[in-house]
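Novice: This one is model04.cif, mmCIF, C-alpha atoms.
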data_target
loop_
_atom_site.group_PDB
_atom_site.id
_atom_site.type_symbol
_atom_site.label_atom_id
_atom_site.label_comp_id
_atom_site.auth_asym_id
_atom_site.auth_seq_id
_atom_site.Cartn_x
_atom_site.Cartn_y
_atom_site.Cartn_z
ATOM 1 C CA MET E 382 9.103 1.056 -8.996
ATOM 2 C CA THR E 383 8.927 2.036 -5.351
ATOM 3 C CA TYR E 384 11.377 2.650 -2.542
ATOM 4 C CA LEU E 385 9.316 0.628 -0.030
ATOM 5 C CA THR E 386 10.441 -2.719 1.367
ATOM 6 C CA ASP E 387 8.262 -5.836 1.078
ATOM 7 C CA ALA E 388 7.118 -5.383 4.690
ATOM 8 C CA GLN E 389 6.265 -1.724 4.076
ATOM 9 C CA LEU E 390 4.360 -2.624 0.915
ATOM 10 C CA HIS E 391 2.302 -5.148 2.861
ATOM 11 C CA GLU E 392 1.531 -2.519 5.507
ATOM 12 C CA ALA E 393 0.580 -0.041 2.789
ATOM 13 C CA ALA E 394 -1.731 -2.641 1.232
ATOM 14 C CA GLN E 395 -3.407 -3.142 4.618
ATOM 15 C CA TYR E 396 -4.009 0.608 4.819
ATOM 16 C CA LEU E 397 -5.347 0.708 1.258
ATOM 17 C CA GLU E 398 -7.639 -2.222 1.967
ATOM 18 C CA THR E 399 -9.193 -0.820 5.126
ATOM 19 C CA ARG E 400 -8.988 2.972 5.037
ATOM 20 C CA GLU E 401 -9.190 4.116 1.435
ATOM 21 C CA GLY E 402 -11.881 3.867 -1.220
ATOM 22 C CA GLY E 403 -13.112 0.967 -3.303
ATOM 23 C CA PHE E 404 -10.489 1.290 -6.032
ATOM 24 C CA ALA E 405 -7.628 1.257 -3.523
ATOM 25 C CA ASN E 406 -9.251 -1.698 -1.780
ATOM 26 C CA ALA E 407 -9.374 -3.639 -5.058
ATOM 27 C CA ILE E 408 -5.696 -2.871 -5.795
ATOM 28 C CA ALA E 409 -4.708 -4.037 -2.290
ATOM 29 C CA LEU E 410 -6.636 -7.290 -2.676
ATOM 30 C CA ALA E 411 -5.058 -7.884 -6.086
ATOM 31 C CA TYR E 412 -1.614 -7.251 -4.557
ATOM 32 C CA TYR E 413 -2.274 -9.855 -1.837
ATOM 33 C CA ARG E 414 -3.331 -12.480 -4.355
ATOM 34 C CA ALA E 415 -0.662 -11.775 -6.978
ATOM 35 C CA ASP E 416 2.519 -13.753 -7.398
ATOM 36 C CA LYS E 417 5.824 -11.814 -7.321
ATOM 37 C CA TRP E 418 5.729 -11.128 -11.077
ATOM 38 C CA ASN E 419 2.215 -9.650 -10.961
ATOM 39 C CA GLN E 420 2.994 -7.734 -7.765
ATOM 40 C CA LYS E 421 5.773 -6.023 -9.731
ATOM 41 C CA ILE E 422 3.305 -5.137 -12.480
ATOM 42 C CA LEU E 423 0.897 -3.656 -9.926
ATOM 43 C CA LEU E 424 3.701 -1.686 -8.303
ATOM 44 C CA ASN E 425 4.900 -0.334 -11.640
ATOM 45 C CA ALA E 426 1.388 0.921 -12.314
ATOM 46 C CA PHE E 427 0.404 2.069 -8.817
ATOM 47 C CA ALA E 428 3.626 2.858 -6.905
ATOM 48 C CA PRO E 429 2.413 6.350 -5.900
ATOM 49 C CA LEU E 430 -0.761 4.848 -4.410
ATOM 50 C CA PHE E 431 1.264 2.463 -2.199
ATOM 51 C CA GLU E 432 3.806 5.144 -1.276
ATOM 52 C CA GLN E 433 1.133 7.661 -0.272
ATOM 53 C CA ALA E 434 -0.707 5.024 1.753
ATOM 54 C CA TYR E 435 2.486 4.079 3.573
ATOM 55 C CA GLU E 436 3.294 7.713 4.293
ATOM 56 C CA LYS E 437 -0.177 8.134 5.810
ATOM 57 C CA TRP E 438 0.190 4.911 7.811
ATOM 58 C CA ALA E 439 3.726 5.632 8.997
ATOM 59 C CA THR E 440 2.995 9.229 9.982
ATOM 60 C CA PRO E 441 1.460 9.416 13.454
ATOM 61 C CA GLN E 442 -1.978 10.949 13.223
ATOM 62 C CA PRO E 443 -2.791 13.731 15.696
ATOM 63 C CA THR E 444 -5.173 12.731 18.435
ATOM 64 C CA LYS E 445 -7.999 14.859 19.762
ATOM 65 C CA GLY E 446 -6.763 17.839 21.693
ATOM 66 C CA GLU E 447 -3.427 18.198 19.867
#
Once more with this new file: its structure as C-alpha cells, please.
Specialist:
Amino acid sequence: MTYLTDAQLHEAAQYLETREGGFANAIALAYYRADKWNQKILLNAFAPLFEQAYEKWATPQPTKGE
C-alpha cells in the first residue's frame, strides 16, 4: 500500500495522466474509473508509480536561470 492520502493519490494520477508515458497514463485512467476496491488493487500493484509521480509533482521544479 502507499503512504499517500486520497487527495495526494488523485494529484499523482493527474501527473501520471498528463506528464508520463502511455503506460502511466493508462494506469491513471484506470484509477479514475475504478471503484474503491479496484483502486486498492491498483495501488497494491503500482504504489511506487503513484508515490514517484507525487514526489515529482510535489517537488518544485527549478525554473530557467536557477
Novice: Please compute the atom CA of Ala415 of chain E-atom CA of Arg400 of chain E distance, one decimal, in Å.
Specialist: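 Between atom CA of Ala415 of chain E and atom CA of Arg400 of chain E the gap works out to 20.8 Å.
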Novice: So which residues touch Lys437 of chain E within 10 Å, counting all atoms listed in the file, skipping near sequence neighbours fewer than 5 positions away, as a count of residues only?
Specialist: 5
Novice: Given the PyMOL selection byres ((chain E and resi 395) around 12) and the file above, list the residues it selects as JSON, numbers by chain.
Specialist: {"E": [388, 389, 390, 391, 392, 393, 394, 396, 397, 398, 399, 400, 401, 405, 406, 407, 408, 409, 410, 411, 412, 413, 431, 434, 435, 437, 438]}
Novice: Could you please determine the separation between atom CA of Phe404 of chain E and atom CA of Asp416 of chain E in Å, to one decimal place?
Specialist: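 Going from atom CA of Phe404 of chain E over to atom CA of Asp416 of chain E, I get 19.9 Å.
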Novice: How many Å lie between atom CA of Arg414 of chain E and atom CA of Pro429 of chain E, rounded to one decimal?
Specialist: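 Rounded to one decimal, the two atoms are 19.7 Å apart.
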Novice: Care to translate the PyMOL selection byres ((chain E and resi 384) around 9) into actual residues of this file, as JSON, numbers by chain?
Specialist: {"E": [382, 383, 385, 386, 428, 432]}
Novice: Enclose all atoms of segment 415-433 of chain E listed in the file in an axis-aligned box, grow every side by 6 Å, and hand back centre and edge lengths in Å to one decimal, as lines of an AutoDock Vina configuration file.
Specialist:
center_x = 2.5
center_y = -3.0
center_z = -6.4
size_x = 18.6
size_y = 33.4
size_z = 24.2
